[in-house]
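Novice: Provided herewith: structure08.cif, mmCIF, C-alpha atoms.
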```cif
data_data
loop_
_atom_site.label_atom_id
_atom_site.label_comp_id
_atom_site.auth_asym_id
_atom_site.auth_seq_id
_atom_site.Cartn_x
_atom_site.Cartn_y
_atom_site.Cartn_z
CA MET A 1254 -3.55 -34.56 -53.05
CA GLN A 1255 -5.46 -34.40 -49.78
CA CYS A 1256 -5.86 -37.14 -47.16
CA PRO A 1257 -9.30 -38.73 -47.54
CA LYS A 1258 -9.55 -39.00 -43.74
CA CYS A 1259 -8.24 -35.74 -42.24
CA HIS A 1260 -7.85 -33.70 -45.41
CA ALA A 1261 -4.26 -32.74 -44.65
CA GLN A 1262 -1.72 -32.72 -47.45
CA MET A 1263 -0.45 -36.17 -48.66
CA GLN A 1264 3.24 -36.51 -49.46
CA THR A 1265 4.61 -38.98 -51.99
CA TYR A 1266 7.45 -41.34 -51.06
CA ASN A 1267 9.17 -43.96 -53.17
CA ARG A 1268 9.81 -47.25 -51.39
CA ASN A 1269 11.44 -50.04 -53.45
CA GLY A 1270 10.04 -48.55 -56.62
CA ILE A 1271 6.54 -48.23 -55.23
CA GLN A 1272 4.86 -44.88 -54.85
CA ILE A 1273 3.40 -44.44 -51.39
CA GLU A 1274 1.26 -41.48 -50.33
CA GLN A 1275 1.48 -40.60 -46.66
CA CYS A 1276 -0.60 -37.97 -44.89
CA SER A 1277 1.48 -35.24 -43.25
CA GLY A 1278 -1.25 -34.87 -40.60
CA CYS A 1279 -2.49 -38.29 -39.42
CA ARG A 1280 0.48 -40.32 -40.94
CA GLY A 1281 -2.03 -42.57 -42.73
CA ILE A 1282 -0.75 -44.35 -45.83
CA PHE A 1283 -2.58 -44.53 -49.12
CA LEU A 1284 -1.75 -47.36 -51.49
CA ASP A 1285 -2.80 -47.50 -55.12
CA TYR A 1286 -4.28 -50.63 -56.67
CA GLY A 1287 -1.74 -53.55 -56.50
CA GLU A 1288 0.79 -51.69 -54.36
CA LEU A 1289 0.04 -53.69 -51.21
CA GLU A 1290 0.65 -56.92 -53.15
CA SER A 1291 3.91 -55.49 -54.52
CA LEU A 1292 5.10 -54.62 -51.03
CA THR A 1293 4.18 -58.06 -49.75
CA ARG A 1294 6.10 -59.68 -52.57
CA ILE A 1295 9.17 -57.57 -51.95
CA GLU A 1296 8.97 -58.34 -48.25
CA ALA A 1297 8.90 -62.07 -49.02
CA GLN A 1298 11.98 -61.74 -51.22
CA TRP A 1299 13.76 -59.87 -48.48
CA THR A 1300 13.01 -62.66 -46.01
CA GLN A 1301 14.37 -65.30 -48.37
CA GLN A 1302 17.57 -63.36 -48.99
CA ALA A 1303 18.19 -62.77 -45.32
CA PRO A 1304 21.10 -64.78 -43.92
CA PRO A 1305 19.92 -68.09 -42.41
CA ALA A 1306 19.31 -68.11 -38.72
CA PRO A 1307 22.37 -69.31 -36.82
CA PRO A 1308 22.19 -73.13 -36.37
CA ALA A 1309 21.20 -74.42 -33.01
CA PRO A 1310 24.36 -74.99 -31.00
CA GLN A 1311 25.56 -78.57 -31.55
CA ALA A 1312 25.41 -80.87 -28.60
CA TYR A 1313 29.07 -80.87 -27.68
CA PRO A 1314 30.19 -84.18 -26.26
CA ALA A 1315 30.98 -83.76 -22.62
CA ALA A 1316 33.73 -86.36 -22.97
CA PRO A 1317 37.13 -85.38 -24.37
CA ALA A 1318 37.88 -86.85 -27.79
CA PRO A 1319 41.07 -87.20 -29.85
CA ALA A 1320 42.08 -84.74 -32.57
CA TRP A 1321 41.05 -87.28 -35.20
CA GLY A 1322 37.63 -87.88 -33.65
CA ALA A 1323 34.45 -87.62 -35.68
CA PRO A 1324 33.10 -84.09 -36.03
CA GLN A 1325 29.72 -85.39 -34.90
CA HIS A 1326 28.14 -88.49 -33.48
CA HIS A 1327 25.94 -90.75 -35.56
CA GLY A 1328 23.43 -91.51 -32.86
CA GLY A 1329 21.43 -93.74 -35.20
CA HIS A 1330 24.30 -96.15 -35.75
CA TYR A 1331 24.21 -97.50 -32.20
CA ARG A 1332 21.34 -99.79 -33.12
CA HIS A 1333 22.56 -100.42 -36.67
CA LYS A 1334 22.92 -104.13 -37.38
CA SER A 1335 26.43 -103.64 -38.69
CA PHE A 1336 27.55 -101.87 -35.51
CA GLY A 1337 25.91 -104.67 -33.56
CA ARG A 1338 28.22 -107.12 -35.32
CA MET A 1339 31.21 -104.84 -34.75
CA LEU A 1340 30.51 -104.73 -31.00
CA PHE A 1341 30.88 -108.50 -30.88
CA SER A 1342 33.85 -109.17 -33.16
CA SER A 1343 37.62 -108.95 -33.02
CA MET B 902 37.02 -129.75 -42.84
CA THR B 903 35.39 -127.30 -40.45
CA THR B 904 32.39 -129.61 -40.23
CA ALA B 905 34.61 -132.41 -38.98
CA VAL B 906 36.07 -130.11 -36.34
CA VAL B 907 32.58 -128.99 -35.30
CA ARG B 908 31.42 -132.60 -35.03
CA ALA B 909 34.43 -133.61 -32.99
CA LEU B 910 34.05 -130.63 -30.66
CA GLY B 911 30.35 -131.39 -30.18
CA ALA B 912 31.11 -134.99 -29.29
CA LEU B 913 33.86 -133.92 -26.93
CA ALA B 914 31.68 -131.36 -25.16
CA HIS B 915 28.82 -133.84 -24.89
CA ARG B 916 31.05 -136.50 -23.41
CA ALA B 917 32.47 -134.03 -20.91
CA ALA B 918 28.95 -133.06 -19.87
CA HIS B 919 28.16 -136.59 -18.69
CA ALA B 920 29.94 -138.53 -16.02
CA ARG B 921 28.96 -141.77 -17.76
CA PRO B 922 28.76 -141.36 -21.54
CA GLU B 923 26.58 -144.45 -21.90
CA ASP B 924 23.77 -142.71 -19.98
CA ILE B 925 20.70 -141.96 -22.03
CA CYS B 926 20.30 -138.19 -22.12
CA ALA B 927 17.99 -135.54 -23.48
CA CYS B 928 20.74 -133.10 -24.47
CA PRO B 929 19.91 -130.85 -27.41
CA PRO B 930 22.27 -131.33 -30.36
CA PRO B 931 25.56 -129.45 -30.05
CA ALA B 932 25.36 -125.78 -31.10
CA VAL B 933 28.10 -123.90 -32.94
CA LEU B 934 28.78 -120.70 -30.98
CA ALA B 935 31.60 -119.49 -33.24
CA ASP B 936 33.39 -120.80 -36.29
CA ARG B 937 36.08 -118.35 -37.35
CA ALA B 938 39.69 -118.43 -38.36
CA ASP B 939 40.67 -117.60 -34.78
CA GLY B 940 38.63 -120.35 -33.13
CA THR B 941 35.78 -122.81 -33.43
CA VAL B 942 33.51 -123.07 -30.39
CA VAL B 943 30.77 -125.69 -29.92
CA ARG B 944 28.43 -126.08 -26.95
CA SER B 945 26.74 -129.19 -25.65
CA GLY B 946 24.58 -128.48 -22.62
CA PRO B 947 26.75 -127.12 -19.81
CA VAL B 948 30.08 -127.64 -21.62
CA VAL B 949 31.76 -125.64 -24.36
CA ALA B 950 34.64 -127.04 -26.43
CA LYS B 951 36.97 -124.70 -28.27
CA ALA B 952 39.42 -125.58 -31.03
CA HIS B 953 41.98 -122.81 -30.98
CA ALA B 954 43.30 -121.22 -34.15
CA PRO B 955 45.52 -123.33 -36.40
CA GLY B 956 49.11 -122.43 -35.63
CA THR B 957 48.38 -121.54 -32.00
CA ASP B 958 51.55 -121.54 -29.92
CA THR B 959 50.74 -124.37 -27.51
CA PRO B 960 53.21 -123.43 -24.71
CA ASP B 961 51.89 -119.85 -24.77
CA LEU B 962 48.31 -121.15 -24.73
CA LEU B 963 49.10 -123.28 -21.69
CA THR B 964 50.55 -120.28 -19.89
CA ARG B 965 47.42 -118.31 -20.73
CA LEU B 966 45.20 -121.15 -19.48
CA SER B 967 47.15 -121.11 -16.22
CA LEU B 968 46.35 -117.42 -16.00
CA ALA B 969 42.62 -118.14 -16.38
CA ASN B 970 43.04 -120.79 -13.65
CA ASP B 971 44.96 -118.54 -11.29
CA PRO B 972 43.00 -118.02 -8.05
CA ARG B 973 43.94 -114.33 -8.09
CA LEU B 974 41.87 -114.00 -11.25
CA ALA B 975 38.86 -115.96 -10.01
CA GLY B 976 35.92 -113.62 -10.54
CA ILE B 977 37.64 -111.96 -13.51
CA PHE B 978 38.42 -114.74 -16.00
CA LEU B 979 36.23 -117.77 -16.58
CA ALA B 980 38.33 -120.79 -15.61
CA PRO B 981 38.62 -123.77 -17.97
CA LEU B 982 37.22 -127.18 -17.07
CA GLN B 983 40.42 -129.02 -17.66
CA PRO B 984 42.45 -130.31 -14.74
CA ARG B 985 44.90 -128.07 -12.98
CA PRO B 986 47.46 -127.53 -14.27
CA PRO B 987 45.90 -127.87 -17.72
CA VAL B 988 47.46 -130.48 -19.91
CA PRO B 989 47.63 -130.29 -23.69
CA SER B 990 45.86 -133.59 -24.00
CA ILE B 991 43.40 -132.90 -26.80
CA THR B 992 43.99 -131.75 -30.33
CA ILE B 993 41.71 -131.87 -33.37
CA GLN B 994 43.39 -131.65 -36.74
CA GLY B 995 46.47 -130.31 -35.01
CA ARG B 996 44.54 -127.58 -33.21
CA PRO B 997 44.67 -127.54 -29.41
CA VAL B 998 41.25 -128.00 -27.78
CA THR B 999 40.08 -126.68 -24.42
CA LEU B 1000 36.88 -127.28 -22.44
CA TRP B 1001 34.94 -124.58 -20.61
CA PRO B 1002 31.76 -124.25 -18.60
CA HIS B 1003 28.96 -122.66 -20.58
CA GLY B 1004 28.19 -119.06 -19.67
CA ARG B 1005 25.41 -116.80 -20.84
CA PRO B 1006 26.72 -114.26 -23.38
CA VAL B 1007 25.69 -110.64 -23.91
CA ASP B 1008 22.47 -110.43 -25.92
CA PRO B 1009 23.51 -109.11 -29.35
CA GLY B 1010 19.95 -107.96 -29.99
CA ASP B 1011 19.88 -105.64 -26.99
CA PRO B 1012 22.83 -103.22 -27.00
CA ASP B 1013 21.23 -101.19 -24.22
CA ALA B 1014 21.60 -104.16 -21.89
CA ALA B 1015 25.32 -104.54 -22.61
CA PRO B 1016 27.28 -104.69 -19.33
CA TRP B 1017 29.66 -101.80 -20.02
CA GLU B 1018 30.24 -101.00 -16.35
CA GLU B 1019 30.81 -104.66 -15.47
CA ALA B 1020 33.26 -105.01 -18.35
CA ALA B 1021 35.13 -101.94 -17.14
CA VAL B 1022 35.33 -103.22 -13.57
CA LEU B 1023 36.60 -106.63 -14.76
CA LEU B 1024 39.29 -104.95 -16.86
CA ALA B 1025 40.34 -102.72 -13.97
CA GLY B 1026 40.61 -105.80 -11.76
CA LEU B 1027 42.68 -107.61 -14.38
CA HIS B 1028 44.99 -104.63 -14.89
CA LEU B 1029 45.47 -104.20 -11.14
CA THR B 1030 46.38 -107.86 -10.55
CA PRO B 1031 50.12 -108.33 -10.11
CA THR B 1032 51.68 -110.64 -12.67
CA PRO B 1033 51.83 -114.15 -11.19
CA PRO B 1034 55.59 -114.61 -10.73
CA SER B 1035 55.43 -118.28 -11.62
CA LEU B 1036 54.03 -117.58 -15.09
CA ALA B 1037 56.25 -116.57 -18.00
CA LEU B 1038 53.47 -114.70 -19.72
CA PRO B 1039 53.88 -113.76 -23.38
CA PRO B 1040 52.98 -110.26 -24.57
CA MET B 1041 49.29 -109.64 -25.12
CA ARG B 1042 48.47 -110.00 -28.77
CA GLY B 1043 46.64 -106.72 -29.46
CA PRO B 1044 49.30 -105.17 -31.72
CA ALA B 1045 49.90 -108.53 -33.44
CA LYS B 1046 46.20 -108.81 -34.23
CA ALA B 1047 46.10 -105.30 -35.64
CA SER B 1048 49.03 -106.20 -37.87
CA LEU B 1049 47.30 -109.38 -39.03
CA ALA B 1050 44.17 -107.39 -39.88
CA VAL B 1051 46.14 -104.98 -42.05
CA ALA B 1052 47.84 -107.91 -43.80
CA ARG B 1053 44.42 -109.49 -44.40
CA MET B 1054 43.14 -106.26 -45.94
CA CYS B 1055 46.17 -105.94 -48.20
CA ALA B 1056 45.74 -109.55 -49.36
CA ALA B 1057 41.99 -109.11 -49.96
CA ARG B 1058 42.27 -105.76 -51.74
CA PRO B 1059 45.74 -105.50 -53.28
CA ARG B 1060 46.38 -102.07 -54.76
CA ASP B 1061 42.82 -100.92 -53.97
CA PRO B 1062 43.15 -97.11 -53.70
CA ALA B 1063 40.23 -97.03 -51.24
CA THR B 1064 42.49 -98.68 -48.64
CA THR B 1065 45.20 -95.99 -48.87
CA ALA B 1066 43.99 -94.03 -45.82
CA VAL B 1067 43.92 -97.19 -43.67
CA ARG B 1068 47.46 -98.10 -44.69
CA GLU B 1069 48.69 -94.55 -44.08
CA ALA B 1070 47.02 -94.40 -40.67
CA TRP B 1071 48.73 -97.73 -39.88
CA HIS B 1072 52.19 -96.51 -40.87
CA ARG B 1073 51.86 -93.43 -38.72
CA LEU B 1074 51.53 -95.59 -35.59
CA PRO B 1075 54.63 -96.15 -33.46
CA ALA B 1076 56.38 -99.48 -34.07
CA TRP B 1077 55.22 -101.01 -30.76
CA ALA B 1078 51.56 -100.49 -31.70
CA ARG B 1079 52.19 -102.31 -34.99
CA GLY B 1080 53.65 -105.28 -33.13
CA GLU B 1081 57.15 -104.51 -34.39
CA ALA B 1082 58.72 -103.49 -31.09
CA ALA B 1083 58.17 -103.86 -27.36
CA ALA B 1084 55.69 -101.46 -25.76
CA PRO B 1085 57.21 -98.57 -23.75
CA SER B 1086 58.54 -100.26 -20.63
CA HIS B 1087 56.53 -98.19 -18.12
CA ARG B 1088 53.30 -99.41 -19.74
CA SER B 1089 54.18 -102.92 -20.82
CA ARG B 1090 53.98 -104.96 -17.62
CA PHE B 1091 50.24 -105.08 -17.00
CA LEU B 1092 47.99 -108.11 -17.34
CA CYS B 1093 45.80 -107.46 -20.38
CA HIS B 1094 42.95 -109.27 -22.09
CA GLY B 1095 44.19 -108.26 -25.54
CA ASP B 1096 40.94 -108.52 -27.52
CA LEU B 1097 38.09 -106.98 -25.59
CA HIS B 1098 34.66 -106.72 -27.19
CA LEU B 1099 31.14 -107.56 -26.06
CA GLY B 1100 31.52 -111.17 -27.21
CA GLN B 1101 34.20 -111.64 -24.53
CA LEU B 1102 31.84 -111.53 -21.56
CA VAL B 1103 29.61 -114.23 -20.13
CA ARG B 1104 27.55 -114.70 -16.99
CA HIS B 1105 28.64 -117.78 -15.11
CA PRO B 1106 26.94 -119.74 -13.74
CA ALA B 1107 24.36 -119.10 -16.45
CA PRO B 1108 22.04 -117.34 -16.58
CA HIS B 1109 22.35 -115.01 -13.59
CA GLY B 1110 25.89 -115.46 -12.31
CA PRO B 1111 28.41 -112.62 -12.30
CA TRP B 1112 29.96 -111.41 -15.55
CA LEU B 1113 33.37 -112.85 -16.37
CA LEU B 1114 35.90 -112.34 -19.15
CA ILE B 1115 36.44 -115.22 -21.57
CA ASP B 1116 38.96 -116.01 -24.31
CA VAL B 1117 42.52 -115.98 -23.04
CA ASP B 1118 44.01 -116.53 -26.50
CA ASP B 1119 45.30 -112.96 -26.78
CA ALA B 1120 45.92 -112.27 -23.09
CA GLY B 1121 49.32 -111.40 -21.77
CA LEU B 1122 51.52 -108.51 -20.70
CA GLY B 1123 51.16 -105.12 -22.27
CA ASP B 1124 49.69 -101.64 -22.22
CA PRO B 1125 46.34 -101.84 -20.40
CA ALA B 1126 44.98 -98.93 -22.46
CA TRP B 1127 44.70 -101.45 -25.30
CA ASP B 1128 41.80 -103.11 -23.50
CA LEU B 1129 39.90 -99.79 -23.42
CA ALA B 1130 40.87 -98.86 -26.94
CA ARG B 1131 38.18 -100.64 -28.93
CA PRO B 1132 35.27 -98.85 -27.18
CA ALA B 1133 37.42 -95.69 -27.32
CA ALA B 1134 37.83 -96.13 -31.09
CA TRP B 1135 34.08 -96.66 -31.55
CA TYR B 1136 33.41 -93.53 -29.51
CA ALA B 1137 36.00 -91.47 -31.39
CA ALA B 1138 34.58 -92.59 -34.74
CA GLY B 1139 31.16 -91.34 -33.66
CA LEU B 1140 29.55 -94.78 -33.36
CA LEU B 1141 29.40 -95.36 -29.62
CA PRO B 1142 27.29 -92.66 -27.94
CA PRO B 1143 29.31 -90.42 -25.59
CA GLU B 1144 27.14 -91.36 -22.63
CA VAL B 1145 27.86 -95.08 -23.14
CA TRP B 1146 31.58 -94.39 -23.50
CA LEU B 1147 31.54 -92.32 -20.31
CA ARG B 1148 29.71 -95.07 -18.42
CA PHE B 1149 32.49 -97.46 -19.40
CA LEU B 1150 35.35 -95.04 -18.76
CA ASP B 1151 33.97 -93.74 -15.46
CA ALA B 1152 33.35 -97.27 -14.15
CA TYR B 1153 36.94 -98.20 -15.06
CA ARG B 1154 38.29 -95.15 -13.24
CA ALA B 1155 36.03 -95.68 -10.23
CA ALA B 1156 37.43 -99.22 -9.95
CA GLY B 1157 40.95 -97.81 -9.84
CA GLY B 1158 41.97 -98.97 -13.32
CA PRO B 1159 45.56 -97.95 -14.08
CA ALA B 1160 45.33 -97.62 -17.89
CA VAL B 1161 44.40 -93.94 -17.90
CA ARG B 1162 44.99 -91.03 -15.53
CA ALA B 1163 42.46 -90.97 -12.69
CA ALA B 1164 40.76 -87.75 -13.87
CA GLY B 1165 40.80 -85.38 -16.80
CA ASP B 1166 41.49 -86.11 -20.44
CA PRO B 1167 42.26 -89.86 -20.87
CA TRP B 1168 43.34 -89.49 -24.50
CA PRO B 1169 47.08 -89.08 -23.93
CA GLU B 1170 47.01 -92.77 -22.85
CA LEU B 1171 44.27 -93.92 -25.22
CA ASP B 1172 45.33 -92.24 -28.42
CA VAL B 1173 47.82 -94.73 -29.86
CA PRO B 1174 45.89 -97.93 -28.97
CA ALA B 1175 42.61 -96.38 -30.15
CA ARG B 1176 44.18 -95.40 -33.46
CA ALA B 1177 45.49 -98.97 -33.82
CA LEU B 1178 42.03 -100.43 -33.12
CA THR B 1179 40.50 -97.96 -35.58
CA VAL B 1180 42.89 -99.21 -38.24
CA GLN B 1181 42.27 -102.84 -37.28
CA THR B 1182 38.49 -102.43 -37.49
CA ALA B 1183 38.66 -100.59 -40.81
CA ALA B 1184 41.10 -103.15 -42.24
CA LEU B 1185 38.83 -106.04 -41.26
CA ALA B 1186 35.87 -104.17 -42.75
CA PHE B 1187 37.73 -103.98 -46.05
CA ALA B 1188 38.75 -107.65 -45.85
CA LYS B 1189 35.28 -108.92 -44.89
CA SER B 1190 33.42 -106.77 -47.41
CA ALA B 1191 35.79 -107.93 -50.16
CA ALA B 1192 35.15 -111.56 -49.22
CA GLU B 1193 31.41 -110.87 -49.42
CA GLY B 1194 31.74 -109.11 -52.76
CA ARG B 1195 30.42 -105.78 -51.51
CA THR B 1196 31.63 -102.32 -50.57
CA PRO B 1197 31.94 -101.39 -46.91
CA ASP B 1198 28.60 -100.43 -45.36
CA GLU B 1199 27.97 -97.09 -43.69
CA VAL B 1200 29.06 -98.23 -40.23
CA GLU B 1201 32.28 -99.72 -41.60
CA GLN B 1202 32.80 -96.56 -43.63
CA THR B 1203 32.65 -94.56 -40.40
CA MET B 1204 35.77 -96.39 -39.18
CA ILE B 1205 37.46 -95.93 -42.58
CA ASP B 1206 36.67 -92.20 -42.41
CA ALA B 1207 38.34 -92.09 -39.00
CA CYS B 1208 41.45 -93.60 -40.61
CA ALA B 1209 41.37 -90.84 -43.23
CA ARG B 1210 41.39 -88.23 -40.46
CA ILE B 1211 44.26 -90.04 -38.68
CA ALA B 1212 46.21 -90.20 -41.95
CA THR B 1213 46.00 -86.44 -42.38
CA LEU B 1214 46.78 -85.43 -38.80
CA PRO B 1215 49.45 -82.77 -38.50
CA PRO B 1216 52.66 -84.51 -37.36
CA GLU B 1217 52.66 -82.82 -33.96
CA LEU B 1218 49.23 -84.32 -33.22
CA ALA B 1219 50.20 -87.73 -34.53
CA ALA B 1220 53.29 -87.95 -32.31
CA GLU B 1221 53.14 -90.25 -29.35
CA PRO B 1222 52.99 -88.37 -26.06
CA SER B 1223 56.34 -88.46 -24.35
CA SER B 1224 54.95 -88.94 -20.84
#
```
Rewrite the coordinates I just gave you, this time as structure tokens.
Specialist:
Amino acid sequence: MQCPKCHAQMQTYNRNGIQIEQCSGCRGIFLDYGELESLTRIEAQWTQQAPPAPPAPQAYPAAPAPAWGAPQHHGGHYRHKSFGRMLFSS
Amino acid sequence: MTTAVVRALGALAHRAAHARPEDICACPPPAVLADRADGTVVRSGPVVAKAHAPGTDTPDLLTRLSLANDPRLAGIFLAPLQPRPPVPSITIQGRPVTLWPHGRPVDPGDPDAAPWEEAAVLLAGLHLTPTPPSLALPPMRGPAKASLAVARMCAARPRDPATTAVREAWHRLPAWARGEAAAPSHRSRFLCHGDLHLGQLVRHPAPHGPWLLIDVDDAGLGDPAWDLARPAAWYAAGLLPPEVWLRFLDAYRAAGGPAVRAAGDPWPELDVPARALTVQTAALAFAKSAAEGRTPDEVEQTMIDACARIATLPPELAAEPSS
């Protein structure tokens, strides 16, 4: 098969089960009907399977805390009605 | 029964507010400021009357009132209105009654306005004040109150498996922190408030006077770290934001407070009292929620979770520092 653009010889490669023709001269790629969609779908699957991005580093409290301290702070509780009562009771 | 006490306190406060009780006045009706097992407090105009807890040790209360009256503590403790030295002249249903000037409390609806730095400076001043030699002060009642809270939980929820972690965290505390032994001698001779929380501060004269500590019922000699331990416990449990905790701690240190080392990690001193206050708070959460026929809410659960972590600490981390 010849390249439709430069007429050099096309070579066939198999990528993820999809036949791809690439020109040995201009490096152009020729996809058959539906092959672009197949590649896009496989790319999407690859992205989903990729390990999740590392979590943003947690805000580490600048103040020292005891060994039994909470692993994280519940910022929202400061204005919680129940904590309000706790702040004012024995 | 409580209503009768409230009425009597209101009448007493109102009478104390007027030089001549027969004067016609426009005082608003007396207002109940607190009505709990540990005290009933009623305000009439500029005067507040408090019926102390049933079973209050009257000689100890008188010593504590003398402390609040001591000129060395002017500017730290609100002084009672009764004559000096205070006399145990009034009782209602067997409960000793004291009279106080009204002060403006912390606004419970505005936690951002809470005077954390002022509280810290007052505590540092209290802890730095030498014990008045004339006063035979009893121990501060922090450990005793923690013990009472655990007893209340056990009575309210007998054999409830949910309370296991709280009880285990309690039993891992050293005996002194459970009120079963004297505090280590090098830390037991400081003047302490004994029950610090945001309800223990008022501005006097109201509304713009300086902040003062109130409620001498639990004051006495002990480990001053106990007075920092409730905010410390809230911070450790993840409830009090680190920046608020640091405002409090840094203000205490800047004022020369002796409860924790001047710089660096304060937790060697705070650990045991903060664990005791964590247990106390969780135990009261279990007792109160049982009385209200509900399960602990998410904030209360945060303190219970902290107990679970304390209960599973490796022994070397649970041991009291030897220093």
Novice: Apply the PyMOL selection byres ((chain A) within 12 of (chain B)) to the file shown and report the selected residues as a PyMOL selection string.
Specialist: chain A and resi 1312-1343
Novice: In Å, how far is it from atom CA of B:Leu968 to atom CA of B:Leu1036?
Specialist: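 So the two atoms, atom CA of B:Leu968 and atom CA of B:Leu1036, lie 7.7 Å apart.
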Novice: Select, from B:Ala1082, B:Ile1205, B:Met1041, B:Ala1191, the residue with the minimum atom-to-atom distance to B:Asp1124, counting all atoms listed in the file.
Specialist: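 Of B:Ala1082, B:Ile1205, B:Met1041, B:Ala1191, the one nearest B:Asp1124 is B:Met1041, counting all atoms listed in the file.
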Novice: Starting from the shown file, work through the PyMOL selection byres ((chain A and resi 1271) around 12) and note down what comes out as a PyMOL selection string.
Specialist: chain A and resi 1265-1270+1272-1274+1283-1295
Novice: Enclose stretch 1274-1285 of chain A, meaning all of its atoms listed in the file, in a box aligned along x, y and z, pad it by 4 Å on each side, and list the centre and edge lengths in Å to one decimal, as JSON.
Specialist:
```
{"center_x": -0.7, "center_y": -41.2, "center_z": -47.3, "size_x": 12.3, "size_y": 20.6, "size_z": 23.7}
```
Novice: Could you tell me how far atom CA of B:Tyr1153 sits from atom CA of B:Pro1031, in Å to one decimal place?
Specialist: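 Going from atom CA of B:Pro1031 over to atom CA of B:Tyr1153, I get 17.3 Å.
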Novice: Show me, as a PyMOL selection string, the residues that have an atom within 10 Å of A:Gln1264 when counting all atoms listed in the file, minus same-chain residues fewer than 3 positions from it.
Specialist: chain A and resi 1254-1256+1261+1273-1277+1280+1282-1283
Novice: Distance atom CA of B:Phe978-atom CA of B:Pro960, one decimal place?
Specialist: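 Between these atoms lies a distance of 19.2 Å.
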Novice: Tell me, as a PyMOL selection string, which residues lie within 7 Å of B:Pro1044, counting only C-alpha atoms; anything in the same chain fewer than 2 positions away does not count.
Specialist: chain B and resi 1042+1046-1048+1078-1080
Novice: Write out, as a PDB file, keeping the file's coordinate frame, the residues just selected, with C-alpha atoms.
Specialist:
```pdb
ATOM      1  CA  ARG B1042      48.470-110.000 -28.770  1.00  0.00           C
ATOM      2  CA  LYS B1046      46.200-108.810 -34.230  1.00  0.00           C
ATOM      3  CA  ALA B1047      46.100-105.300 -35.640  1.00  0.00           C
ATOM      4  CA  SER B1048      49.030-106.200 -37.870  1.00  0.00           C
ATOM      5  CA  ALA B1078      51.560-100.490 -31.700  1.00  0.00           C
ATOM      6  CA  ARG B1079      52.190-102.310 -34.990  1.00  0.00           C
ATOM      7  CA  GLY B1080      53.650-105.280 -33.130  1.00  0.00           C
TER       8      GLY B1080
END
```
Novice: Expand the PyMOL selection byres ((chain B and resi 1022) around 9) into the explicit residue set it covers here, and present it as a PyMOL selection string.
Specialist: chain B and resi 1017-1021+1023-1027+1149+1152-1158
